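Have a look at structure03.txt below; it lists compact mmCIF, C-alpha atoms.
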```
# COMPACT_ATOMS: atom_id res chain seq x y z
CA MET H 130 22.39 -37.15 -27.70
CA LYS H 131 23.14 -35.67 -24.32
CA GLY H 132 20.78 -32.80 -24.73
CA GLU H 133 17.12 -32.75 -24.09
CA ILE H 134 14.25 -31.46 -26.12
CA ALA H 135 11.54 -29.39 -24.50
CA ILE H 136 7.97 -30.18 -25.48
CA GLY H 137 5.72 -27.75 -23.66
CA GLY H 138 8.02 -27.53 -20.68
CA VAL H 139 8.50 -31.29 -20.45
CA PHE H 140 12.09 -32.18 -21.11
CA VAL H 141 12.54 -35.40 -23.04
CA PRO H 142 15.90 -37.05 -23.58
CA THR H 143 16.88 -36.76 -27.22
CA LEU H 144 17.56 -40.48 -27.32
CA LEU H 145 13.85 -41.18 -26.84
CA LEU H 146 12.89 -39.06 -29.83
CA LEU H 147 15.75 -40.61 -31.77
CA GLY H 148 14.39 -44.05 -30.96
CA ILE H 149 10.90 -43.15 -32.16
CA ALA H 150 12.27 -41.68 -35.38
CA ALA H 151 14.45 -44.74 -35.94
CA LEU H 152 11.50 -47.06 -35.37
CA VAL H 153 9.43 -45.26 -38.02
CA LEU H 154 12.35 -45.25 -40.44
CA THR H 155 12.99 -48.96 -39.84
CA PHE H 156 9.39 -49.78 -40.64
CA ALA H 157 9.71 -47.86 -43.88
CA ILE H 158 13.00 -49.54 -44.80
CA VAL H 159 11.59 -53.01 -44.07
CA ARG H 160 8.56 -52.22 -46.25
CA VAL H 161 10.80 -51.17 -49.11
CA MET H 162 12.99 -54.24 -48.72
CA ASN H 163 9.92 -56.42 -48.77
CA ALA H 164 8.65 -54.76 -51.91
CA PHE H 165 11.92 -55.48 -53.71
CA GLY H 166 12.29 -58.92 -52.15
CA LEU H 167 15.60 -57.93 -50.60
CA HIS H 168 15.06 -60.12 -47.57
CA ARG H 169 15.99 -63.10 -49.65
CA ILE H 170 19.65 -62.06 -49.31
CA PHE H 171 19.54 -62.77 -45.57
CA ALA H 172 19.08 -65.97 -43.63
CA TYR H 173 17.42 -64.81 -40.43
CA ARG H 174 14.92 -62.04 -40.98
CA ALA H 175 14.17 -61.06 -37.33
CA ALA H 176 17.85 -60.49 -36.53
CA VAL H 177 18.27 -58.42 -39.68
CA ASP H 178 15.29 -56.20 -38.81
CA LEU H 179 16.68 -55.59 -35.34
CA ALA H 180 20.13 -54.88 -36.79
CA ILE H 181 18.63 -52.38 -39.21
CA PHE H 182 16.95 -50.57 -36.32
CA VAL H 183 20.23 -50.31 -34.38
CA LEU H 184 22.08 -49.13 -37.48
CA VAL H 185 19.44 -46.50 -38.17
CA ILE H 186 19.46 -45.14 -34.62
CA GLY H 187 23.28 -45.06 -34.65
CA GLY H 188 23.24 -43.29 -37.98
CA LEU H 189 20.77 -40.71 -36.69
CA ALA H 190 22.97 -40.12 -33.63
CA VAL H 191 26.03 -39.54 -35.82
CA LEU H 192 24.00 -37.28 -38.09
CA LEU H 193 22.79 -35.18 -35.16
CA GLN H 194 26.33 -34.91 -33.86
CA THR H 195 27.77 -33.72 -37.13
CA PHE H 196 25.08 -31.06 -37.36
CA GLY H 197 25.72 -30.11 -33.76
CA ILE H 198 22.10 -30.42 -32.74
CA PRO H 199 21.86 -30.84 -28.96
CA LEU H 200 24.65 -33.17 -28.17
CA MET K 173 26.26 -77.15 -54.71
CA ASN K 174 24.79 -73.87 -55.82
CA LYS K 175 22.14 -74.24 -53.13
CA TYR K 176 24.81 -74.59 -50.43
CA LEU K 177 26.70 -71.56 -51.72
CA ALA K 178 23.51 -69.50 -51.58
CA LEU K 179 22.93 -70.61 -47.97
CA VAL K 180 26.47 -69.66 -46.95
CA MET K 181 26.14 -66.28 -48.65
CA ARG K 182 22.86 -65.58 -46.91
CA SER K 183 24.30 -66.54 -43.53
CA ALA K 184 27.37 -64.42 -44.13
CA ALA K 185 25.28 -61.39 -45.07
CA THR K 186 23.20 -61.82 -41.91
CA ILE K 187 26.27 -62.17 -39.71
CA VAL K 188 27.90 -59.09 -41.22
CA ILE K 189 24.87 -56.87 -40.69
CA VAL K 190 24.38 -58.13 -37.12
CA ILE K 191 28.05 -57.51 -36.25
CA LEU K 192 27.80 -53.99 -37.69
CA ALA K 193 24.73 -53.41 -35.53
CA LEU K 194 26.59 -54.70 -32.47
CA ILE K 195 29.46 -52.28 -33.07
CA VAL K 196 27.04 -49.36 -33.34
CA ALA K 197 25.18 -50.51 -30.22
CA VAL K 198 28.41 -50.71 -28.19
CA TRP K 199 29.46 -47.26 -29.40
CA MET K 200 26.14 -45.78 -28.39
CA TRP K 201 26.17 -47.57 -25.06
CA LYS K 202 29.58 -46.13 -24.28
CA ARG K 203 28.47 -42.70 -25.34
CA TYR K 204 25.34 -42.77 -23.26
CA GLU K 205 26.23 -44.78 -20.22
CA ARG K 206 29.93 -44.41 -19.60
CA ASP K 207 30.66 -40.78 -20.35
CA PRO K 208 30.47 -38.72 -17.19
CA TRP K 209 27.41 -36.59 -17.69
CA THR K 210 24.22 -36.19 -15.75
CA ARG K 211 20.90 -34.42 -16.11
CA ASP K 212 20.72 -34.39 -12.35
CA GLY K 213 22.62 -31.23 -11.49
CA ARG K 214 21.72 -28.20 -9.46
CA VAL K 215 22.91 -24.65 -9.08
CA ARG K 216 23.76 -24.22 -5.44
CA ALA K 217 24.89 -21.47 -3.11
CA ASP K 218 25.61 -20.99 0.56
CA VAL K 219 22.71 -19.48 2.42
CA VAL K 220 23.49 -17.29 5.40
CA ARG K 221 20.80 -17.57 8.06
CA VAL K 222 20.74 -13.96 9.17
CA THR K 223 19.98 -14.11 12.87
CA PRO K 224 19.90 -11.26 15.37
CA ASP K 225 21.99 -11.60 18.50
CA ILE K 226 19.37 -9.77 20.55
CA GLY K 227 15.60 -9.92 20.62
CA GLY K 228 13.14 -7.10 20.18
CA LEU K 229 10.80 -5.23 17.92
CA VAL K 230 12.01 -4.60 14.39
CA THR K 231 11.95 -0.84 13.98
CA SER K 232 13.10 -0.60 10.37
CA VAL K 233 14.02 -2.90 7.50
CA ALA K 234 16.66 -1.45 5.19
CA VAL K 235 16.38 -3.95 2.34
CA GLN K 236 13.76 -5.12 -0.10
CA ASP K 237 13.02 -8.58 -1.33
CA ASN K 238 15.61 -9.81 -3.85
CA GLN K 239 17.89 -6.85 -3.19
CA LYS K 240 21.62 -7.19 -3.73
CA VAL K 241 23.69 -6.32 -0.67
CA LYS K 242 27.40 -6.05 0.03
CA ALA K 243 29.12 -7.41 3.11
CA GLY K 244 28.60 -4.91 5.94
CA ASP K 245 25.43 -3.34 4.53
CA LEU K 246 22.63 -2.66 7.02
CA LEU K 247 19.80 -5.18 6.80
CA PHE K 248 17.44 -4.22 9.61
CA VAL K 249 17.36 -2.46 12.97
CA ILE K 250 15.98 -3.83 16.23
CA ASP K 251 14.46 -1.67 18.98
CA ARG K 252 17.22 0.91 19.31
CA PRO K 253 15.49 3.04 21.99
CA ARG K 254 15.21 0.16 24.40
CA TYR K 255 18.86 -0.77 24.09
CA SER K 256 20.03 2.83 24.40
CA LEU K 257 17.96 3.04 27.59
CA ALA K 258 19.87 0.01 28.81
CA VAL K 259 23.14 1.87 28.20
CA GLU K 260 21.87 4.88 30.16
CA GLN K 261 20.81 2.58 32.97
CA ALA K 262 24.28 1.05 33.02
CA ASN K 263 25.83 4.53 33.15
CA ALA K 264 23.64 5.40 36.13
CA ARG K 265 24.74 2.21 37.85
CA ILE K 266 28.36 3.21 37.31
CA ALA K 267 27.74 6.59 38.92
CA SER K 268 26.09 4.90 41.88
CA ALA K 269 28.99 2.45 42.27
CA ARG K 270 31.49 5.32 42.10
CA ALA K 271 29.62 7.21 44.87
CA THR K 272 29.54 4.12 47.07
CA LEU K 273 33.25 3.55 46.55
CA ALA K 274 34.11 7.18 47.37
CA GLN K 275 32.06 7.06 50.56
CA ALA K 276 33.69 3.78 51.65
CA ARG K 277 37.14 5.25 51.03
CA ARG K 278 36.32 8.38 53.04
CA GLU K 279 35.03 6.38 55.98
CA SER K 280 38.06 4.13 55.89
CA ARG K 281 40.46 7.12 55.87
CA ARG K 282 38.65 8.75 58.82
CA ASP K 283 38.74 5.59 60.91
CA LEU K 284 42.44 5.14 60.13
CA ALA K 285 43.15 8.67 61.43
CA LEU K 286 41.45 7.81 64.73
CA GLY K 287 43.91 4.95 65.17
CA ASP K 288 43.39 2.76 68.22
CA LEU K 289 40.18 4.53 69.18
CA VAL K 290 38.45 2.32 66.60
CA ALA K 291 38.20 -1.43 66.99
CA ALA K 292 40.45 -3.56 64.76
CA GLU K 293 37.36 -5.27 63.46
CA THR K 294 36.02 -1.96 62.14
CA HIS K 295 39.31 -1.35 60.29
CA GLU K 296 39.02 -4.76 58.66
CA GLN K 297 35.40 -4.09 57.74
CA ASN K 298 36.43 -0.77 56.14
CA VAL K 299 39.04 -2.50 53.95
CA ALA K 300 36.49 -5.10 52.90
CA ARG K 301 33.88 -2.43 52.10
CA VAL K 302 36.32 -0.55 49.84
CA ALA K 303 37.24 -3.74 48.01
CA THR K 304 33.55 -4.66 47.55
CA ALA K 305 32.72 -1.20 46.25
CA GLN K 306 35.63 -1.42 43.79
CA ALA K 307 34.40 -4.78 42.54
CA ALA K 308 30.88 -3.39 42.16
CA LEU K 309 32.28 -0.53 40.09
CA SER K 310 34.12 -2.83 37.69
CA GLU K 311 31.01 -4.96 37.39
CA ALA K 312 28.99 -1.87 36.48
CA LEU K 313 31.64 -0.86 33.93
CA SER K 314 31.58 -4.25 32.21
CA SER K 315 27.78 -4.32 32.15
CA ARG K 316 27.91 -0.89 30.47
CA ASP K 317 30.22 -2.39 27.83
CA ALA K 318 27.80 -5.27 27.35
CA ALA K 319 24.91 -2.83 26.98
CA ALA K 320 26.93 -0.84 24.43
CA LEU K 321 27.64 -4.05 22.51
CA ASN K 322 23.94 -4.90 22.51
CA LEU K 323 23.19 -1.40 21.25
CA LYS K 324 25.68 -1.93 18.43
CA ARG K 325 24.05 -5.25 17.57
CA THR K 326 20.67 -3.60 17.10
CA ASN K 327 21.99 -2.92 13.59
CA VAL K 328 21.96 -6.27 11.84
CA THR K 329 24.35 -6.22 8.87
CA ALA K 330 25.09 -8.55 5.99
CA SER K 331 28.09 -10.80 6.59
CA VAL K 332 28.67 -11.64 2.92
CA ASN K 333 27.98 -10.24 -0.54
CA GLY K 334 24.70 -11.63 -1.69
CA VAL K 335 21.03 -11.28 -2.31
CA VAL K 336 18.27 -11.14 0.27
CA THR K 337 15.53 -13.44 -0.87
CA ASN K 338 12.07 -14.47 0.28
CA LEU K 339 12.09 -11.54 2.68
CA ASP K 340 9.30 -11.76 5.23
CA LEU K 341 10.33 -9.24 7.84
CA HIS K 342 8.49 -6.00 8.49
CA PRO K 343 8.77 -3.13 10.94
CA GLY K 344 6.70 -4.14 13.93
CA ASP K 345 7.63 -7.83 13.79
CA TYR K 346 9.16 -9.25 16.91
CA VAL K 347 12.34 -11.27 16.46
CA GLY K 348 13.78 -13.44 19.17
CA ALA K 349 17.48 -13.61 19.90
CA GLY K 350 19.01 -16.52 18.01
CA LYS K 351 15.98 -17.00 15.76
CA GLN K 352 16.52 -16.71 12.01
CA ALA K 353 15.02 -13.54 10.59
CA MET K 354 15.93 -13.72 6.90
CA ALA K 355 17.92 -15.67 4.34
CA LEU K 356 20.88 -14.17 2.52
CA ILE K 357 22.22 -16.05 -0.50
CA ASP K 358 25.99 -15.73 -0.75
CA SER K 359 26.53 -14.77 -4.38
CA ASP K 360 30.27 -15.47 -4.18
CA SER K 361 29.56 -19.11 -3.42
CA LEU K 362 27.40 -19.85 -6.48
CA ARG K 363 28.40 -23.16 -8.00
CA VAL K 364 26.98 -26.16 -9.77
CA GLU K 365 26.75 -29.57 -8.18
CA GLY K 366 26.21 -32.57 -10.40
CA TYR K 367 24.90 -35.76 -8.84
CA PHE K 368 26.87 -38.41 -10.68
CA GLU K 369 26.29 -42.13 -10.52
CA GLU K 370 29.10 -43.80 -8.68
CA THR K 371 29.77 -45.94 -11.75
CA LYS K 372 30.91 -42.81 -13.58
CA LEU K 373 33.33 -41.65 -10.90
CA PRO K 374 36.38 -43.41 -12.40
CA HIS K 375 36.02 -41.16 -15.45
CA ILE K 376 35.96 -37.94 -13.42
CA ARG K 377 39.15 -36.17 -12.51
CA ILE K 378 39.62 -33.07 -10.37
CA GLY K 379 40.21 -30.05 -12.57
CA ALA K 380 38.56 -31.55 -15.66
CA PRO K 381 36.73 -29.06 -17.88
CA VAL K 382 32.98 -29.12 -17.50
CA ALA K 383 30.20 -27.89 -19.76
CA ILE K 384 26.94 -27.01 -18.03
CA ARG K 385 23.60 -26.35 -19.65
CA LEU K 386 20.86 -24.92 -17.48
CA MET K 387 17.35 -26.04 -18.25
CA GLY K 388 15.75 -23.62 -20.67
CA GLU K 389 18.94 -21.75 -21.52
CA ALA K 390 20.42 -21.79 -24.99
CA ARG K 391 24.04 -21.29 -24.01
CA ASP K 392 26.58 -23.33 -22.12
CA LEU K 393 28.27 -22.41 -18.88
CA HIS K 394 31.81 -23.57 -18.33
CA GLY K 395 33.61 -24.68 -15.25
CA ARG K 396 36.05 -27.10 -13.75
CA VAL K 397 35.63 -29.98 -11.35
CA GLU K 398 36.54 -28.58 -7.97
CA SER K 399 35.98 -31.52 -5.67
CA ILE K 400 34.03 -34.70 -5.15
CA ALA K 401 31.96 -35.29 -2.03
CA TYR K 402 33.59 -37.43 0.60
CA GLY K 403 30.46 -38.99 2.01
CA ILE K 404 26.74 -39.47 1.51
CA ASN K 405 24.11 -40.83 3.83
CA ASP K 406 23.51 -44.57 3.94
CA ALA K 407 19.73 -44.78 3.70
CA THR K 408 19.49 -48.45 4.69
CA ARG K 409 21.21 -47.97 8.01
CA SER K 410 20.23 -46.10 11.13
CA THR K 411 21.25 -46.15 14.75
CA SER K 412 18.98 -47.51 17.42
CA ASP K 413 18.41 -46.00 20.86
CA ASN K 414 21.16 -48.07 22.43
CA LEU K 415 23.64 -47.01 19.72
CA LEU K 416 23.63 -50.31 17.87
CA PRO K 417 23.24 -50.13 14.10
CA THR K 418 19.86 -50.94 12.56
CA VAL K 419 20.49 -52.32 9.07
CA ASP K 420 17.46 -52.81 6.85
CA PRO K 421 17.35 -56.40 5.58
CA THR K 422 17.02 -55.88 1.84
CA PHE K 423 17.56 -57.96 -1.21
CA SER K 424 17.18 -56.16 -4.48
CA TRP K 425 17.36 -57.65 -7.93
CA VAL K 426 17.92 -54.24 -9.37
CA ARG K 427 20.57 -52.23 -7.62
CA LEU K 428 20.75 -48.53 -8.29
CA ALA K 429 24.04 -46.67 -8.31
CA GLN K 430 24.35 -44.07 -5.59
CA ARG K 431 24.52 -40.46 -6.67
CA ILE K 432 27.65 -38.64 -5.53
CA PRO K 433 27.72 -34.83 -5.55
CA VAL K 434 30.53 -33.44 -7.69
CA ARG K 435 31.24 -29.78 -7.11
CA VAL K 436 31.96 -27.63 -10.15
CA ARG K 437 33.56 -24.20 -9.90
CA LEU K 438 32.16 -21.91 -12.58
CA THR K 439 34.76 -20.22 -14.76
CA HIS K 440 32.56 -18.70 -17.41
CA VAL K 441 28.93 -17.70 -17.22
CA PRO K 442 27.28 -15.90 -20.15
CA ALA K 443 25.99 -12.52 -19.04
CA ASP K 444 22.36 -13.26 -19.86
CA VAL K 445 22.14 -16.51 -17.91
CA ARG K 446 20.46 -16.12 -14.54
CA LEU K 447 22.22 -18.17 -11.93
CA ILE K 448 19.53 -18.97 -9.41
CA ALA K 449 20.26 -21.37 -6.61
CA GLY K 450 18.17 -24.48 -7.22
CA ARG K 451 18.04 -24.38 -11.03
CA THR K 452 18.36 -27.65 -12.89
CA ALA K 453 21.57 -28.23 -14.81
CA THR K 454 22.85 -30.81 -17.24
CA VAL K 455 26.50 -31.36 -16.39
CA THR K 456 28.96 -32.90 -18.85
CA ILE K 457 32.49 -33.57 -17.71
CA GLN K 458 35.28 -34.21 -20.14
CA PRO K 459 36.36 -37.76 -19.33
CA ILE K 460 39.87 -38.79 -18.39
CA GLY K 461 42.20 -39.34 -21.33
CA GLN K 462 40.39 -37.01 -23.65
CA ALA K 463 42.42 -34.00 -24.66
CA SER K 464 40.84 -30.64 -24.06
CA ALA K 465 39.12 -29.96 -27.35
CA GLN K 466 38.57 -26.32 -26.60
CA PRO K 467 39.92 -23.87 -24.10
CA VAL K 468 37.81 -23.61 -21.00
CA GLY K 469 36.39 -20.23 -20.20
CA GLN K 470 35.25 -19.45 -23.69
CA PRO K 471 31.71 -19.92 -24.81
CA LYS K 472 31.13 -22.71 -27.24
CA GLY K 473 30.17 -21.43 -30.65
CA ARG K 474 26.91 -23.07 -31.35
```

Do you think you could lay out the structure here as structure tokens?
Amino acid sequence: MKGEIAIGGVFVPTLLLLGIAALVLTFAIVRVMNAFGLHRIFAYRAAVDLAIFVLVIGGLAVLLQTFGIPL
Amino acid sequence: MNKYLALVMRSAATIVIVILALIVAVWMWKRYERDPWTRDGRVRADVVRVTPDIGGLVTSVAVQDNQKVKAGDLLFVIDRPRYSLAVEQANARIASARATLAQARRESRRDLALGDLVAAETHEQNVARVATAQAALSEALSSRDAAALNLKRTNVTASVNGVVTNLDLHPGDYVGAGKQAMALIDSDSLRVEGYFEETKLPHIRIGAPVAIRLMGEARDLHGRVESIAYGINDATRSTSDNLLPTVDPTFSWVRLAQRIPVRVRLTHVPADVRLIAGRTATVTIQPIGQASAQPVGQPKGR
């Protein structure tokens, strides 16, 4: 998370890329949950979507760390 | 009843997932904002402003651009012929002063032998003339020494081990005394300075292990915190002509933390990493209270 990723000489904080990846993943997860009607388990859908995003980005950070990719 | 139970269950599930998200968010915040690391670091080195003590034409330049030099190595030579002429001139002046002194002494001795035939005033004048001639001789001697010193200083040498860089000095250039002629980067003083937000200072301790990653390099450098700067400029304050402070009236909603330079002494540099003063570095300091996970001075296996 502390590293940076070079895209054509422009150094981008890894967190930014992580955020983009997490956003895409969250959209996918929400789609899937919708398809199976899983949102019915929860009371307040907006909060749950936001929570899923945070959990996904945290999970990605942990994943990157365990693989030792630029920390 | 069943409807109420379902509502409670749904609320509970929501609360649980939100709390989990909060925990993760706090963990990430700590990781990103509190740990002492910065992308705002620089490789730095002392730069010696090589300056000749005397002015004159540059007759030869003994170094090339980006050449490594050792302390004491010759860098360039200034107008040797002119300064050796000055030494000869000074020698001639010494000879002249010696002749004058000898003549004054002879005259004085002769007048003394004549005794009362010579006026007392003439005797006094003789003594004074000898003393003056002696003083003139010592003056000539010291100016010869000065000329010799100048001649020695026509050879401009390196004062430290380092690298001459951005060399723009050629035979035929004229350099003035006291005017910088070239820059010499002191290679023994190479270090990394990280500009840390003041909010992170409580987590930095002198001697803490530091990992440094230069932009574009694949391997880490290692070092230790050597010292923390003791002062930075206050940009909102200046001093007026009559020595009263001028303080800018500002009110900012968003206040930015000041950046404090933290000096890192390098303990391990991989052989293939080029340490160039001015390179960008990402500096990560091991925070207080975290045991040293790996011995400093050894490259991280990655």

Near Ala349 (chain K), counting all atoms listed in the file, which residues have an atom at most 12 Å away, once you skip same-chain residues fewer than 2 positions from it, shown as a list in words? Val222, Thr223, Pro224, Asp225, Ile226, Gly227, Gly228, Leu229, Val230, Ile250, Asn322, Arg325, Thr326, Val328, Tyr346, Val347, Lys351, Gln352 and Ala353 of chain K

With 6 Å as the cut-off and all atoms listed in the file counted, what is the closest atom pair between each nearby residue of chain H and chain K? Distances in Å to one decimal, ordered by chain and number, as CSV.
```
residue,atom,partner,partner_atom,distance
H:Ile170,CA,K:Arg182,CA,5.3
H:Phe171,CA,K:Arg182,CA,4.6
H:Ala172,CA,K:Arg182,CA,5.0
H:Ala180,CA,K:Ala193,CA,5.0
H:Val183,CA,K:Ala193,CA,5.6
H:Leu184,CA,K:Ala193,CA,5.4
H:Gly187,CA,K:Val196,CA,5.9
```

Could you check which residues have any atom within 12 Å of (30.0, -17.2, -3.9), counting only C-alpha atoms with coordinates taken straight from the file, and then list them as a ChimeraX atom specification? /K:215-220,332-335,356-364,437-438,447-449

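Nearest to Tyr255 (chain K) of all the residues K:Gln297, K:Ser268, K:Asn327, K:Asn174 is K:Asn327, counting all atoms listed in the file.
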
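Interatomic distance, CA of Ala234 (chain K) to CA of Arg446 (chain K): 24.9 Å.
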
What is the distance, in Å and to one decimal place, between CA of Ala355 (chain K) and CA of Leu339 (chain K)? 7.3 Å

Interatomic distance between CA of Arg270 (chain K) and CA of Leu284 (chain K)? 21.1 Å

Env of Ser232 (chain K): 7 Å cut, atoms = only C-alpha atoms, seq-sep filter 3 positions within chain, self excluded. Answer as JSON, numbers by chain. {"K": [248, 249, 343]}

Keeping C-alpha atoms for every residue in the selection just given, could you write it to a file as a short mmCIF file (atom, residue, chain, number, x, y, z; two decimals), in the coordinates of the input?
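That gives us part00.cif:
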```cif
data_model
loop_
_atom_site.label_atom_id
_atom_site.label_comp_id
_atom_site.auth_asym_id
_atom_site.auth_seq_id
_atom_site.Cartn_x
_atom_site.Cartn_y
_atom_site.Cartn_z
CA PHE K 248 17.44 -4.22 9.61
CA VAL K 249 17.36 -2.46 12.97
CA PRO K 343 8.77 -3.13 10.94
#
```

As JSON, please report the centre and edge lengths, rounded to one decimal in Å, of the axis-aligned box that holds all listed atoms of region 367-382 of chain K with 4 Å of padding on each of the six sides.
```
{"center_x": 32.6, "center_y": -37.5, "center_z": -13.3, "size_x": 23.3, "size_y": 24.9, "size_z": 17.2}
```

List the neighbours of Leu273 (chain K) out to 9 Å using only C-alpha atoms; skip same-chain residues closer than 4 positions along the sequence, and give me the result as a PyMOL selection string. chain K and resi 268-269+277-278+301-306+308-309

With all heavy atoms as the goal, would you fill in the gaps in region 299-306 of chain K and present it as an mmCIF file, keeping the file's coordinate frame?
```
data_model
loop_
_atom_site.group_PDB
_atom_site.id
_atom_site.type_symbol
_atom_site.label_atom_id
_atom_site.label_comp_id
_atom_site.auth_asym_id
_atom_site.auth_seq_id
_atom_site.Cartn_x
_atom_site.Cartn_y
_atom_site.Cartn_z
ATOM 1 N N VAL K 299 38.258 -1.994 55.090
ATOM 2 C CA VAL K 299 39.040 -2.500 53.950
ATOM 3 C C VAL K 299 38.148 -3.347 53.032
ATOM 4 O O VAL K 299 38.124 -3.180 51.806
ATOM 5 C CB VAL K 299 40.249 -3.306 54.438
ATOM 6 C CG1 VAL K 299 40.928 -4.018 53.278
ATOM 7 C CG2 VAL K 299 41.242 -2.400 55.147
ATOM 8 N N ALA K 300 37.364 -4.208 53.686
ATOM 9 C CA ALA K 300 36.490 -5.100 52.900
ATOM 10 C C ALA K 300 35.454 -4.290 52.121
ATOM 11 O O ALA K 300 35.163 -4.574 50.949
ATOM 12 C CB ALA K 300 35.793 -6.090 53.823
ATOM 13 N N ARG K 301 34.911 -3.217 52.774
ATOM 14 C CA ARG K 301 33.880 -2.430 52.100
ATOM 15 C C ARG K 301 34.460 -1.725 50.865
ATOM 16 O O ARG K 301 33.813 -1.670 49.811
ATOM 17 C CB ARG K 301 33.265 -1.416 53.065
ATOM 18 C CG ARG K 301 31.819 -1.107 52.742
ATOM 19 C CD ARG K 301 31.174 -0.221 53.780
ATOM 20 N NE ARG K 301 31.100 -0.834 55.089
ATOM 21 C CZ ARG K 301 31.434 -0.211 56.231
ATOM 22 N NH1 ARG K 301 31.856 1.026 56.206
ATOM 23 N NH2 ARG K 301 31.337 -0.828 57.382
ATOM 24 N N VAL K 302 35.681 -1.205 50.996
ATOM 25 C CA VAL K 302 36.320 -0.550 49.840
ATOM 26 C C VAL K 302 36.500 -1.547 48.698
ATOM 27 O O VAL K 302 36.189 -1.263 47.532
ATOM 28 C CB VAL K 302 37.667 0.082 50.251
ATOM 29 C CG1 VAL K 302 38.444 0.521 49.017
ATOM 30 C CG2 VAL K 302 37.454 1.244 51.180
ATOM 31 N N ALA K 303 37.001 -2.734 49.050
ATOM 32 C CA ALA K 303 37.240 -3.740 48.010
ATOM 33 C C ALA K 303 35.927 -4.120 47.321
ATOM 34 O O ALA K 303 35.868 -4.234 46.086
ATOM 35 C CB ALA K 303 37.893 -4.974 48.625
ATOM 36 N N THR K 304 34.858 -4.291 48.122
ATOM 37 C CA THR K 304 33.550 -4.660 47.550
ATOM 38 C C THR K 304 33.048 -3.571 46.622
ATOM 39 O O THR K 304 32.555 -3.835 45.514
ATOM 40 C CB THR K 304 32.530 -4.891 48.686
ATOM 41 O OG1 THR K 304 33.104 -5.744 49.655
ATOM 42 C CG2 THR K 304 31.241 -5.467 48.149
ATOM 43 N N ALA K 305 33.207 -2.310 47.070
ATOM 44 C CA ALA K 305 32.720 -1.200 46.250
ATOM 45 C C ALA K 305 33.508 -1.117 44.935
ATOM 46 O O ALA K 305 32.940 -0.837 43.872
ATOM 47 C CB ALA K 305 32.832 0.107 47.026
ATOM 48 N N GLN K 306 34.814 -1.419 45.000
ATOM 49 C CA GLN K 306 35.630 -1.420 43.790
ATOM 50 C C GLN K 306 35.147 -2.497 42.806
ATOM 51 O O GLN K 306 35.021 -2.253 41.603
ATOM 52 C CB GLN K 306 37.086 -1.677 44.159
ATOM 53 C CG GLN K 306 37.988 -0.523 43.781
ATOM 54 C CD GLN K 306 39.283 -0.544 44.548
ATOM 55 O OE1 GLN K 306 39.547 -1.473 45.314
ATOM 56 N NE2 GLN K 306 40.093 0.473 44.342
#
```
